[in-house]
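*Asks:* First, the structure itself, so that you have it in front of you.
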Amino acid sequence: WFILQYMSGFGNEHVSEDPRCPGALPEGQNNPQVCPYGLYAEQLSGSAFTCPRPTNKRSWLYRILPSVCHKPFKPFKEGHLTHNWDEVEPDPNQLRWKPFEIPKAPQNKLDFVSGLHTLCGAGEPRGRNGIAVHIFVCNTSMLDRCLYNSDGDFLIVPQQGKLLITTEFGKMLVEPNEICVIQQGMRFSVEVFGETRGYILEVYGAHFELPDLGPIGANGLANPRDFLVPVAWYEDRQVPGGYTVISKYQGKLFAAQQDFSPFNVVAWHGNYTPYKYHLEKFMVINSVAFDHADPSIFTVLTAKSTRPGVALADFVIFPPRWGVANNTFRPPYYHRNCMSEFMGLIKGHYEAKEEGFQPGGASLHSMMTPHGPDADCFEKASKAKLEPERVAEGTMAFMFESSLSMAVTKWGLQTSNRLDKNYYKCWEPLISHFNPKRK
């Protein structure tokens, strides 16, 4: 009977109840002595109680049984999920990965949790400051088990295959070229429809927010109304064989058993929710005269650090757009950065690296490591006739940019066997064009 529906607005105060139980939300208070339909009231806090109102995040959930009804947590096999950044020696080189391989289902069944692989990161969750980049590859749905992240928020970027995500707040369908954010503590389960792959940016100690627009003004980039929040949906389902609740806690996984589905929230209200966003909705800002604006104009979401103007992590996209700049080298310029730049490709060909950078692969240009267009791109762009042109048509590349210096895991450098050891060769054909007699 269920039809996927959403409410719109970023960070809004939303109210939702499953239509099967009208009036399930208590009127006029959060925690009545007796809730409608005999439900339990439970608050989920995404911020300290005393945070200023603009940053205060919480939701009230009205559920059939509270989430406290479970057996004790026990250690659970982590696989390739880690926040140990000292497994291998640091590597300052430009790194590029070929598309990450998705195992075939009959030989190796992997769901979203067992298919998590940590590629790089920095910091650690106990100190509430850090990030991690994970790759997920899976071929089967999560059955009678869910995950919640005690450490931070997951920003999920599907690249191949759609995800039907059931959360305590309702259901979301997230397809390639969409993203979703599952915030700290929210229980969710992922259903897939075949071989599925994507990227995850995890942040500890901060939530994602829309970037300030400054001189751009009131409109532009990702518009708040284009973010979608699921509507309430519940199942009153007993699981006598055991439902497994998996917690990611202090970088490790733990599992607890309970005999009912955790997706038993009949109604909820609040501003702390999961949400999704379609990248085609992004209103691109760009240079219309000459030179480049900084790539910060492509920021969809940011997780701020405690230093003004410095992000713990930014989620940046490079969508289809017009290039019109006069007398300008239009592809990305050569660059050394005090930030770490992790890039992924959802579809198409990235303009500065048309050959080796493939959908489902990735690159990492670490702090102060030089990078820029390959030799072929430089030669073409230096000689091109400058006319208005469509850039990145049919493409969607993105960047996780961080002020932290990220370490790469052993899986990323060795076990995955996807590291492109010839990446550096794309710059070797660059030649000197210097002529002291020519101005």
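Going by the structure tokens order, chains are called A, B, ..., each with residues numbered from 1, while ligands are numbered from 1 in the order shown.
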What's the 9 Å shell around region 204-207 of chain A, counting only C-alpha atoms, without same-chain residues fewer than 2 positions away, as a list in words?
*Replies:*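 The filter keeps Gly46, Gly123, Glu124, Pro125, Arg126, Gly127, Arg128, Asn129, Gly130, Ile131, Ala132, Asp151, Gly152, Asp153, Gln183, Gln184, Glu202, Glu209, Thr302, Ala303, Lys304, Ser305 and Leu312 of chain A.
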*Asks:* Go ahead and save the picked residues with N, CA, C and O atoms, as a compact mmCIF listing (two decimals), in the first residue's frame.
*Replies:*
```
# COMPACT_ATOMS: atom_id res chain seq x y z
N GLY A 46 20.24 15.35 18.41
CA GLY A 46 21.40 15.46 17.54
C GLY A 46 22.34 16.56 17.96
O GLY A 46 23.33 16.84 17.27
N GLY A 123 41.52 11.94 12.25
CA GLY A 123 40.82 12.20 13.49
C GLY A 123 40.22 10.92 14.04
O GLY A 123 40.44 9.82 13.52
N GLU A 124 39.44 11.05 15.10
CA GLU A 124 38.83 9.85 15.67
C GLU A 124 37.55 10.22 16.42
O GLU A 124 37.39 11.33 16.91
N PRO A 125 36.60 9.27 16.46
CA PRO A 125 35.27 9.62 16.95
C PRO A 125 35.20 9.92 18.44
O PRO A 125 34.33 10.67 18.87
N ARG A 126 36.09 9.37 19.25
CA ARG A 126 36.00 9.62 20.68
C ARG A 126 36.22 11.08 21.01
O ARG A 126 35.62 11.62 21.94
N GLY A 127 37.08 11.74 20.28
CA GLY A 127 37.33 13.17 20.48
C GLY A 127 36.35 14.05 19.72
O GLY A 127 36.45 15.28 19.78
N ARG A 128 35.41 13.43 18.96
CA ARG A 128 34.36 14.14 18.24
C ARG A 128 34.95 15.13 17.23
O ARG A 128 34.44 16.23 17.07
N ASN A 129 36.02 14.71 16.57
CA ASN A 129 36.59 15.57 15.53
C ASN A 129 37.29 14.69 14.51
O ASN A 129 38.31 14.07 14.80
N GLY A 130 36.72 14.62 13.31
CA GLY A 130 37.36 13.83 12.29
C GLY A 130 36.41 13.48 11.18
O GLY A 130 35.22 13.83 11.21
N ILE A 131 36.96 12.80 10.18
CA ILE A 131 36.17 12.35 9.03
C ILE A 131 36.69 11.00 8.56
O ILE A 131 37.80 10.58 8.91
N ALA A 132 35.88 10.31 7.78
CA ALA A 132 36.32 9.10 7.10
C ALA A 132 35.62 9.03 5.76
O ALA A 132 34.49 9.49 5.62
N ASP A 151 28.94 7.37 15.92
CA ASP A 151 30.13 8.22 15.78
C ASP A 151 29.86 9.53 15.04
O ASP A 151 30.53 10.53 15.29
N GLY A 152 28.93 9.52 14.08
CA GLY A 152 28.75 10.72 13.29
C GLY A 152 27.70 10.55 12.21
O GLY A 152 26.88 9.62 12.25
N ASP A 153 27.73 11.44 11.24
CA ASP A 153 26.77 11.46 10.13
C ASP A 153 27.36 10.76 8.91
O ASP A 153 28.55 10.90 8.61
N GLN A 183 21.80 10.95 9.71
CA GLN A 183 22.51 11.65 10.77
C GLN A 183 22.78 10.71 11.96
O GLN A 183 22.20 9.63 12.07
N GLN A 184 23.65 11.16 12.83
CA GLN A 184 24.13 10.36 13.95
C GLN A 184 22.97 9.75 14.75
O GLN A 184 22.02 10.44 15.13
N GLU A 202 31.85 10.38 6.05
CA GLU A 202 31.43 10.35 7.45
C GLU A 202 32.11 11.49 8.19
O GLU A 202 33.32 11.69 8.04
N GLU A 209 25.41 21.25 6.93
CA GLU A 209 24.50 22.39 6.79
C GLU A 209 24.73 23.02 5.43
O GLU A 209 25.70 22.71 4.73
N THR A 302 28.14 21.63 3.82
CA THR A 302 29.39 21.79 4.55
C THR A 302 29.21 21.34 5.99
O THR A 302 28.12 21.47 6.56
N ALA A 303 30.26 20.77 6.55
CA ALA A 303 30.31 20.47 7.98
C ALA A 303 31.41 21.36 8.55
O ALA A 303 32.59 21.16 8.27
N LYS A 304 31.02 22.36 9.31
CA LYS A 304 31.96 23.38 9.75
C LYS A 304 32.86 22.88 10.88
O LYS A 304 32.43 22.08 11.72
N SER A 305 34.09 23.37 10.89
CA SER A 305 34.98 23.13 12.03
C SER A 305 34.78 24.27 13.03
O SER A 305 33.96 25.17 12.84
N LEU A 312 35.40 21.31 8.30
CA LEU A 312 35.82 19.95 8.61
C LEU A 312 35.71 19.12 7.34
O LEU A 312 36.59 18.34 6.99
```
*Asks:* Considering only C-alpha atoms, tabulate each residue of region 105-176 of chain A that lies at most 12 Å from region 33-45 of chain A along with its nearest interatomic pair and the corresponding distance in Å to one decimal; arrange the rows by chain and ascending residue number and present them as JSON lines.
*Replies:*
```
{"residue": "A:Ser150", "atom": "CA", "partner": "A:Ser45", "partner_atom": "CA", "distance": 11.8}
{"residue": "A:Glu168", "atom": "CA", "partner": "A:Leu44", "partner_atom": "CA", "distance": 10.7}
{"residue": "A:Phe169", "atom": "CA", "partner": "A:Leu44", "partner_atom": "CA", "distance": 11.2}
```
*Asks:* Please compute the CA of Cys120 (chain A)-CA of Glu191 (chain A) distance, one decimal, in Å.
*Replies:*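 CA of Cys120 (chain A) sits 25.7 Å away from CA of Glu191 (chain A).
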*Asks:* Skip Phe400 (chain A) itself and residues of its chain fewer than 3 positions away, then list as number ranges by chain all residues within 8 Å of it, counting only C-alpha atoms.
*Replies:* A: 201, 313-316, 341-343
*Asks:* Got time to write the residues from that selection, C-alpha atoms, as an mmCIF file, in the first residue's frame?
*Replies:*
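Contents of out07.cif, freshly written:
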```cif
data_model
loop_
_atom_site.group_PDB
_atom_site.id
_atom_site.type_symbol
_atom_site.label_atom_id
_atom_site.label_comp_id
_atom_site.auth_asym_id
_atom_site.auth_seq_id
_atom_site.Cartn_x
_atom_site.Cartn_y
_atom_site.Cartn_z
ATOM 1 C CA LEU A 201 31.612 10.791 3.675
ATOM 2 C CA ALA A 313 34.425 18.678 5.314
ATOM 3 C CA ASP A 314 32.706 20.122 2.247
ATOM 4 C CA PHE A 315 30.654 18.155 -0.254
ATOM 5 C CA VAL A 316 31.300 19.775 -3.658
ATOM 6 C CA GLU A 341 40.770 16.665 -1.921
ATOM 7 C CA PHE A 342 39.062 13.312 -2.445
ATOM 8 C CA MET A 343 37.203 12.997 -5.749
#
```
*Asks:* Which residues, written as a PyMOL selection string, have at least one atom at most 8 Å from Ile285 (chain A), with only C-alpha atoms counted and residues fewer than 3 positions away on the same chain left out?
*Replies:* chain A and resi 220-221+297-298
*Asks:* For Gly161 (chain A), which of A:Gly241, A:Pro370, A:Gly360, A:Pro19 is the closest residue, counting only C-alpha atoms?
*Replies:*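 Closest residue, counting only C-alpha atoms: A:Gly360.
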*Asks:* Expressed in Å to a single decimal, how great is the separation between CA of Leu155 (chain A) and CA of Phe208 (chain A)?
*Replies:* 8.6 Å
*Asks:* Could you check the closest approach to Glu235 (chain A) for each of A:Ser287, A:Thr166, A:Gln160, A:Asn93 and tell me which residue wins, using only C-alpha atoms?
*Replies:*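 For Glu235 (chain A), the nearest of the candidates is A:Thr166.
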*Asks:* Compare A:Trp427, A:Phe318, A:Phe227, A:Tyr277 by their minimum atom-to-atom distance to Ala375 (chain A), counting only C-alpha atoms, and give me the closest one.
*Replies:* A:Trp427
*Asks:* Of the candidates A:Trp97, A:Ser296, A:Ala267, A:Gln250, which shows the shortest atom-to-atom distance to Gly214 (chain A), using only C-alpha atoms?
*Replies:*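 Among A:Trp97, A:Ser296, A:Ala267, A:Gln250, it is A:Ser296 that comes nearest to Gly214 (chain A).
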